[in-house]
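Peer 1: I'd like to ask you about the structure that follows.
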Amino acid sequence: MSESKKICIVLHRRDLRLGDNSAVVSAIESGRLLIPIFVWNRQESEACDAGSASCWWLHHSLLELGNQYAKQGGELFFFREPTQSVIERLIREHDVEAVYWNRRYEPDAIKQDSGLKKSLKDAGIEVHSFNGSLLREPWEVETKQGDPYQVFTPFWKNVLASIDPDKPLSAPEAISFEKVRIESCKLDDFNLLPKLDWADSFHEYWTPGEQGAHESLSNFIRNGIDDYKGERDFPAKSGTSRMSPHLHFGEISPRQICHAVQVHLNRKRKDNGQPGADTYLSEIGWREFGYHILYHFPHTTEKSLKPKFDDFPWDNNAKDLKKWQQGMTGYPIVDAGMRELWETGWMHNRVRMIVGSFLAKDLLQNWKSGAEWFWDTLVDADLANNTLGWQWVAGSGADASPYFRVFNPVLQGERYDPSGKYIRQWIPELSELPDKWIHKPWEAPKDVLKDAGISLGETYPEPLVDHQEAREAALAIYEKIK
Ligand SMILES: Cc1cc2nc3c(=O)[nH]c(=O)nc-3n(C[C@H](O)[C@H](O)[C@H](O)COP(=O)(O)OP(=O)(O)OC[C@H]3O[C@@H](n4cnc5c(N)ncnc54)[C@H](O)[C@@H]3O)c2cc1C
């Protein structure tokens, strides 16, 4: 036990960074010696933390954070017991006075954290919690009537008017650590990496960790943000920032992103913003909105925000669901998206909307089965944003796409992937098909298909449903429940 200085624990969860980390900075400023820890307890974690693809990310992100602590002369300690037992043991074995963490907002996480806070305080331990992942706390933003927002535009206006203009906190230059031996486990003991080789290709697309997050952001601000408004809807282009997994795991904070965008605008002397940057920041706003809705309406992970949708007679057809998951629906834009997801752990936002609409409205599958698949396969799986996104496509959520708006997968493909580049990238068996037919191979003349080496139903599936008929069937059901 340290003779001279008192000790504190920094409990990392989804704040896997040292820059702009209020919990870390406050712990250092308290003058105490730090014990940084990360706990992975299956029972606690399954409720709110990570599906399989996210576990891949988490492993590599923890490795990076551990390396950063090692560079400062310390160690990130890993534990598998329940968080409360770990902390109680550290308090017993070391002279721990205080615990620092950044807040989480998922219903199960709030329950866990409130229980932990109460029992630590009852035991006379200081607890300091901070906002590490949002621009504004969900309870700070309300309508004039004092209610939570359910519509994005006034919500975002309110947030923008009151964003903290402070610069993000710098990463600490020096950290003093508790140096006594601490009994912990190894990162590998968490068994986060998938057993199959499915995620092996992820490294080609991603660099988890704080440094990777900042490199991606700089690259996007240098090369993409000014054109973001015009380019963001085209899945074959690199028109978006791909910050979502970095944001989810807190390798970067939204405050750091907003600040970097502002620095870019100042450099270009665009004091009143510009369309690319404004649109980009409003997408960060949609993320905030997702957390606002999740916090105030926690039941939306299970039930529709608009209760009438709970009576929707979903057609729970396991075969159709499987074909959708495998990218074998016969609609190229849907299948390309689902295959991009499987290969990279990510899918372009426009295509997420198309595949979501197709599952909920063409195949009449409960949006929750889509949300569950995304949860397991996305590296950016995030309870707030995934719930918001799925309820949006199903028409049952906050500020949602109206149910009667059924995305037409052929028209969407022709509009947002006019040359079929995205389709050819993810569905090689269609690569020889001329542009005219690439989004509707079933309409192509037989000789064209033959020349392209395609035999529908054999090399590539026939469409699983007729979109026009499926649309009418969905609208007829909607008429009954609305
Ligand atoms: C059905 C469906 C499910 C989704 N599931 C998730 C999810 O699990 N995790 C997730 O992070 N996003 C989810 N989204 C939102 C969005 O698709 C992704 O955030 C975006 O594609 C990430 O790519 P990007 O970082 O390049 O985005 P950019 O376009 O570069 O946007 C920057 C950031 O803004 C936020 N953002 C952008 N669009 C949205 C949005 N529509 N809703 C909320 N936040 C947004 C993200 O944090 C994103 O990283 C979902 C959308 C839909 C339609």
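To be explicit about the labels: the chains of the structure tokens are called A, B, and onward in the order shown, and within each one the residues are counted from 1, while ligands get numbers from 1 in the order they are shown.
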Go through chain A and flag each residue having an atom no more than 7 Å from ligand 1; for those, report the closest pair of atoms plus their distance in Å to one decimal, using only C-alpha atoms and all ligand atoms, ordered by chain and rising number, as a tab-separated table.

Peer 2:
residue	atom	partner	partner_atom_place_in_ligand_line	distance
A:Arg232	CA	ligand 1	29 (O)	6.3
A:Thr240	CA	ligand 1	30 (O)	3.9
A:Ser241	CA	ligand 1	30 (O)	3.5
A:Arg242	CA	ligand 1	26 (O)	3.2
A:Met243	CA	ligand 1	25 (O)	3.8
A:Ser244	CA	ligand 1	49 (O)	3.2
A:Pro245	CA	ligand 1	11 (O)	6.4
A:Leu247	CA	ligand 1	47 (O)	6.0
A:His248	CA	ligand 1	11 (O)	6.4
A:Tyr280	CA	ligand 1	31 (O)	6.2
A:Glu283	CA	ligand 1	34 (O)	4.2
A:Ile284	CA	ligand 1	34 (O)	3.9
A:Trp286	CA	ligand 1	43 (C)	4.4
A:Arg287	CA	ligand 1	44 (N)	3.5
A:Gly290	CA	ligand 1	43 (C)	6.0
A:Met347	CA	ligand 1	21 (O)	6.3
A:His348	CA	ligand 1	21 (O)	4.9
A:Asn349	CA	ligand 1	17 (O)	3.6
A:Arg352	CA	ligand 1	53 (C)	4.6
A:Met353	CA	ligand 1	53 (C)	4.2
A:Gly356	CA	ligand 1	1 (C)	5.2
A:Ala371	CA	ligand 1	3 (C)	6.9
A:Phe374	CA	ligand 1	8 (O)	6.6
A:Trp375	CA	ligand 1	8 (O)	6.4
A:Leu378	CA	ligand 1	8 (O)	6.6
A:Asp380	CA	ligand 1	9 (N)	4.7
A:Ala381	CA	ligand 1	8 (O)	3.5
A:Asp382	CA	ligand 1	8 (O)	4.1
A:Leu383	CA	ligand 1	8 (O)	6.2
A:Asn385	CA	ligand 1	6 (C)	4.6
A:Asn386	CA	ligand 1	5 (N)	3.4
A:Thr387	CA	ligand 1	3 (C)	6.9
A:Leu388	CA	ligand 1	42 (N)	6.7
A:Gly389	CA	ligand 1	52 (C)	3.7
A:Trp390	CA	ligand 1	1 (C)	4.2
A:Trp392	CA	ligand 1	53 (C)	6.9
A:Val393	CA	ligand 1	1 (C)	6.3

Peer 1: Keeping only N, CA and C atoms, take the residues you just selected and write them out as a compact mmCIF listing (two decimals), in the first residue's frame.

Peer 2:
# COMPACT_ATOMS: atom_id res chain seq x y z
N ARG A 232 -22.91 12.39 -49.01
CA ARG A 232 -23.16 11.46 -47.90
C ARG A 232 -24.16 10.36 -48.21
N THR A 240 -18.73 9.77 -46.07
CA THR A 240 -19.06 9.97 -44.65
C THR A 240 -17.81 9.73 -43.79
N SER A 241 -17.93 10.06 -42.51
CA SER A 241 -16.71 10.09 -41.68
C SER A 241 -16.29 8.74 -41.10
N ARG A 242 -17.23 7.79 -41.04
CA ARG A 242 -16.97 6.47 -40.41
C ARG A 242 -16.49 6.62 -38.96
N MET A 243 -17.04 7.60 -38.29
CA MET A 243 -16.66 7.81 -36.89
C MET A 243 -17.51 7.00 -35.92
N SER A 244 -18.56 6.33 -36.43
CA SER A 244 -19.55 5.75 -35.52
C SER A 244 -18.97 4.74 -34.51
N PRO A 245 -18.11 3.79 -34.90
CA PRO A 245 -17.60 2.90 -33.85
C PRO A 245 -16.67 3.63 -32.88
N LEU A 247 -16.97 6.71 -31.96
CA LEU A 247 -17.83 7.45 -31.03
C LEU A 247 -18.49 6.50 -30.05
N HIS A 248 -18.94 5.36 -30.55
CA HIS A 248 -19.63 4.42 -29.65
C HIS A 248 -18.73 4.01 -28.48
N TYR A 280 -22.97 17.87 -41.30
CA TYR A 280 -22.23 16.87 -40.51
C TYR A 280 -22.54 17.01 -39.01
N GLU A 283 -25.74 15.58 -37.98
CA GLU A 283 -25.75 14.11 -37.82
C GLU A 283 -25.23 13.72 -36.44
N ILE A 284 -24.23 14.46 -35.97
CA ILE A 284 -23.80 14.26 -34.58
C ILE A 284 -24.99 14.56 -33.67
N TRP A 286 -28.13 13.95 -34.46
CA TRP A 286 -29.03 12.79 -34.45
C TRP A 286 -28.57 11.75 -33.42
N ARG A 287 -27.27 11.66 -33.26
CA ARG A 287 -26.76 10.74 -32.23
C ARG A 287 -27.20 11.22 -30.84
N GLY A 290 -30.77 10.40 -30.36
CA GLY A 290 -30.96 8.98 -30.04
C GLY A 290 -30.80 8.74 -28.53
N MET A 347 -22.34 -0.58 -42.31
CA MET A 347 -23.11 -0.39 -43.54
C MET A 347 -23.40 1.09 -43.67
N HIS A 348 -23.37 1.56 -44.91
CA HIS A 348 -23.65 2.97 -45.20
C HIS A 348 -25.07 3.33 -44.73
N ASN A 349 -25.23 4.57 -44.21
CA ASN A 349 -26.52 4.97 -43.63
C ASN A 349 -27.68 4.88 -44.62
N ARG A 352 -28.58 1.38 -44.83
CA ARG A 352 -29.26 0.90 -43.60
C ARG A 352 -30.75 1.22 -43.70
N MET A 353 -31.08 2.40 -44.21
CA MET A 353 -32.50 2.77 -44.32
C MET A 353 -33.21 1.87 -45.34
N GLY A 356 -33.53 -1.69 -43.97
CA GLY A 356 -34.47 -1.67 -42.84
C GLY A 356 -35.90 -1.59 -43.34
N ALA A 371 -33.00 -5.21 -35.76
CA ALA A 371 -32.15 -4.53 -34.78
C ALA A 371 -31.21 -5.55 -34.12
N PHE A 374 -28.36 -6.41 -36.55
CA PHE A 374 -27.42 -5.29 -36.59
C PHE A 374 -26.58 -5.27 -35.30
N TRP A 375 -27.27 -5.54 -34.19
CA TRP A 375 -26.57 -5.51 -32.90
C TRP A 375 -25.39 -6.47 -32.89
N LEU A 378 -22.77 -5.25 -36.37
CA LEU A 378 -22.19 -3.91 -36.57
C LEU A 378 -21.04 -3.68 -35.58
N ASP A 380 -20.31 -0.71 -34.93
CA ASP A 380 -20.77 0.51 -34.24
C ASP A 380 -22.10 0.29 -33.51
N ALA A 381 -22.48 -0.99 -33.28
CA ALA A 381 -23.79 -1.26 -32.66
C ALA A 381 -23.95 -0.43 -31.39
N ASP A 382 -25.02 0.30 -31.33
CA ASP A 382 -25.20 1.27 -30.24
C ASP A 382 -26.69 1.28 -29.92
N LEU A 383 -27.00 0.98 -28.66
CA LEU A 383 -28.42 0.78 -28.32
C LEU A 383 -29.27 2.01 -28.67
N ASN A 385 -28.66 4.56 -30.93
CA ASN A 385 -28.77 4.84 -32.37
C ASN A 385 -29.43 3.71 -33.13
N ASN A 386 -29.18 2.48 -32.70
CA ASN A 386 -29.79 1.35 -33.41
C ASN A 386 -31.30 1.35 -33.19
N THR A 387 -31.71 1.63 -31.97
CA THR A 387 -33.14 1.67 -31.67
C THR A 387 -33.79 2.81 -32.44
N LEU A 388 -33.14 3.97 -32.40
CA LEU A 388 -33.68 5.13 -33.11
C LEU A 388 -33.81 4.82 -34.60
N GLY A 389 -32.74 4.23 -35.18
CA GLY A 389 -32.72 3.94 -36.61
C GLY A 389 -33.81 2.96 -37.01
N TRP A 390 -33.96 1.90 -36.22
CA TRP A 390 -34.95 0.87 -36.58
C TRP A 390 -36.37 1.37 -36.39
N TRP A 392 -37.19 4.36 -36.67
CA TRP A 392 -37.37 5.35 -37.73
C TRP A 392 -37.80 4.64 -39.02
N VAL A 393 -37.09 3.59 -39.41
CA VAL A 393 -37.46 2.94 -40.68
C VAL A 393 -38.82 2.25 -40.56

Peer 1: Do you know which residues are at most 9 Å from range 310-327 of chain A counting only C-alpha atoms, after dropping those on the same chain fewer than 2 positions away, and could you put them as a ChimeraX atom specification?

Peer 2: /A:303-308,329-332,334-339,342,355,358-360,363-367,369-370,373,396,464,477-478,481

Peer 1: As number ranges by chain, please: all residues of range 43-269 of chain A that backbone DSSP puts in helix (DSSP H, G or I).

Peer 2: A: 43-48, 52-71, 83-93, 107-122, 138-140, 152-161, 187-190, 197-205, 210-223, 225-231, 244-248, 254-267

Peer 1: Please identify all polymer residues within 6 Å of range 31-47 of chain A, counting only C-alpha atoms, omitting same-chain residues fewer than 3 positions from it, and present them as a ChimeraX atom specification.

Peer 2: /A:6-12,28,76-82,176-178

Peer 1: Put those residues in a file: N, CA, C and O atoms, as a PDB file, in the first residue's frame.

Peer 2:
ATOM      1  N   LYS A   6      -2.996   9.025  -1.342  1.00  0.00           N
ATOM      2  CA  LYS A   6      -4.236   8.267  -1.404  1.00  0.00           C
ATOM      3  C   LYS A   6      -4.459   7.791  -2.841  1.00  0.00           C
ATOM      4  O   LYS A   6      -3.838   8.279  -3.782  1.00  0.00           O
ATOM      5  N   ILE A   7      -5.396   6.859  -2.941  1.00  0.00           N
ATOM      6  CA  ILE A   7      -5.552   6.164  -4.230  1.00  0.00           C
ATOM      7  C   ILE A   7      -6.983   6.293  -4.743  1.00  0.00           C
ATOM      8  O   ILE A   7      -7.925   6.353  -3.946  1.00  0.00           O
ATOM      9  N   CYS A   8      -7.118   6.320  -6.066  1.00  0.00           N
ATOM     10  CA  CYS A   8      -8.472   6.314  -6.640  1.00  0.00           C
ATOM     11  C   CYS A   8      -8.531   5.342  -7.815  1.00  0.00           C
ATOM     12  O   CYS A   8      -7.511   4.995  -8.409  1.00  0.00           O
ATOM     13  N   ILE A   9      -9.754   4.934  -8.106  1.00  0.00           N
ATOM     14  CA  ILE A   9      -9.986   4.034  -9.251  1.00  0.00           C
ATOM     15  C   ILE A   9     -10.594   4.860 -10.372  1.00  0.00           C
ATOM     16  O   ILE A   9     -11.483   5.675 -10.138  1.00  0.00           O
ATOM     17  N   VAL A  10     -10.109   4.658 -11.613  1.00  0.00           N
ATOM     18  CA  VAL A  10     -10.814   5.199 -12.780  1.00  0.00           C
ATOM     19  C   VAL A  10     -11.434   4.006 -13.494  1.00  0.00           C
ATOM     20  O   VAL A  10     -10.719   3.104 -13.951  1.00  0.00           O
ATOM     21  N   LEU A  11     -12.753   4.001 -13.510  1.00  0.00           N
ATOM     22  CA  LEU A  11     -13.479   2.877 -14.115  1.00  0.00           C
ATOM     23  C   LEU A  11     -13.818   3.240 -15.560  1.00  0.00           C
ATOM     24  O   LEU A  11     -14.662   4.089 -15.818  1.00  0.00           O
ATOM     25  N   HIS A  12     -13.103   2.606 -16.505  1.00  0.00           N
ATOM     26  CA  HIS A  12     -13.383   2.872 -17.930  1.00  0.00           C
ATOM     27  C   HIS A  12     -14.532   1.988 -18.384  1.00  0.00           C
ATOM     28  O   HIS A  12     -14.625   0.817 -18.010  1.00  0.00           O
ATOM     29  N   ILE A  28      -6.784  12.713 -11.842  1.00  0.00           N
ATOM     30  CA  ILE A  28      -5.392  13.204 -11.747  1.00  0.00           C
ATOM     31  C   ILE A  28      -5.345  14.480 -10.916  1.00  0.00           C
ATOM     32  O   ILE A  28      -4.489  14.642 -10.035  1.00  0.00           O
ATOM     33  N   LEU A  76      -3.494  -0.654 -17.519  1.00  0.00           N
ATOM     34  CA  LEU A  76      -4.958  -0.751 -17.449  1.00  0.00           C
ATOM     35  C   LEU A  76      -5.245  -2.166 -16.947  1.00  0.00           C
ATOM     36  O   LEU A  76      -4.834  -3.145 -17.573  1.00  0.00           O
ATOM     37  N   PHE A  77      -5.922  -2.267 -15.806  1.00  0.00           N
ATOM     38  CA  PHE A  77      -6.157  -3.588 -15.203  1.00  0.00           C
ATOM     39  C   PHE A  77      -7.510  -4.137 -15.650  1.00  0.00           C
ATOM     40  O   PHE A  77      -8.501  -3.400 -15.685  1.00  0.00           O
ATOM     41  N   PHE A  78      -7.513  -5.436 -15.965  1.00  0.00           N
ATOM     42  CA  PHE A  78      -8.740  -6.082 -16.458  1.00  0.00           C
ATOM     43  C   PHE A  78      -9.280  -7.044 -15.405  1.00  0.00           C
ATOM     44  O   PHE A  78      -8.519  -7.755 -14.743  1.00  0.00           O
ATOM     45  N   PHE A  79     -10.605  -7.082 -15.316  1.00  0.00           N
ATOM     46  CA  PHE A  79     -11.267  -7.966 -14.337  1.00  0.00           C
ATOM     47  C   PHE A  79     -12.496  -8.600 -14.949  1.00  0.00           C
ATOM     48  O   PHE A  79     -13.163  -7.986 -15.779  1.00  0.00           O
ATOM     49  N   ARG A  80     -12.823  -9.810 -14.458  1.00  0.00           N
ATOM     50  CA  ARG A  80     -14.010 -10.498 -14.979  1.00  0.00           C
ATOM     51  C   ARG A  80     -15.132 -10.658 -13.958  1.00  0.00           C
ATOM     52  O   ARG A  80     -16.217 -11.096 -14.290  1.00  0.00           O
ATOM     53  N   GLU A  81     -14.845 -10.335 -12.692  1.00  0.00           N
ATOM     54  CA  GLU A  81     -15.900 -10.449 -11.677  1.00  0.00           C
ATOM     55  C   GLU A  81     -16.882  -9.283 -11.856  1.00  0.00           C
ATOM     56  O   GLU A  81     -16.574  -8.323 -12.543  1.00  0.00           O
ATOM     57  N   PRO A  82     -18.074  -9.337 -11.203  1.00  0.00           N
ATOM     58  CA  PRO A  82     -18.979  -8.191 -11.269  1.00  0.00           C
ATOM     59  C   PRO A  82     -18.290  -6.920 -10.773  1.00  0.00           C
ATOM     60  O   PRO A  82     -17.450  -6.966  -9.858  1.00  0.00           O
ATOM     61  N   SER A 176       0.199   9.806 -12.297  1.00  0.00           N
ATOM     62  CA  SER A 176       0.831   9.051 -11.205  1.00  0.00           C
ATOM     63  C   SER A 176      -0.040   7.836 -10.893  1.00  0.00           C
ATOM     64  O   SER A 176      -1.242   7.981 -10.651  1.00  0.00           O
ATOM     65  N   PHE A 177       0.604   6.671 -10.912  1.00  0.00           N
ATOM     66  CA  PHE A 177      -0.161   5.433 -10.733  1.00  0.00           C
ATOM     67  C   PHE A 177       0.132   4.796  -9.378  1.00  0.00           C
ATOM     68  O   PHE A 177       1.253   4.928  -8.853  1.00  0.00           O
ATOM     69  N   GLU A 178      -0.837   4.055  -8.861  1.00  0.00           N
ATOM     70  CA  GLU A 178      -0.590   3.167  -7.729  1.00  0.00           C
ATOM     71  C   GLU A 178       0.258   2.008  -8.262  1.00  0.00           C
ATOM     72  O   GLU A 178      -0.121   1.364  -9.257  1.00  0.00           O
TER      73      GLU A 178
END

Peer 1: Of the residues A:Ile221, A:Ile87, A:Leu294, A:Met328, which is the one nearest to Gly457 in chain A, using only C-alpha atoms?

Peer 2: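 Closest to Gly457 in chain A of all the choices is A:Met328.
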
Peer 1: Taking only C-alpha atoms into account, which of A:Trp442, A:Gly453, A:Leu217, A:Ser401 comes nearest Glu429 in chain A?

Peer 2: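 Counting only C-alpha atoms, the residue closest to Glu429 in chain A is A:Gly453.
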
Peer 1: Out of A:Gly124, A:Trp139, A:Ala473, A:Arg181, which residue has the shortest atom-to-atom distance to Glu93 in chain A when counting only C-alpha atoms?

Peer 2: A:Arg181
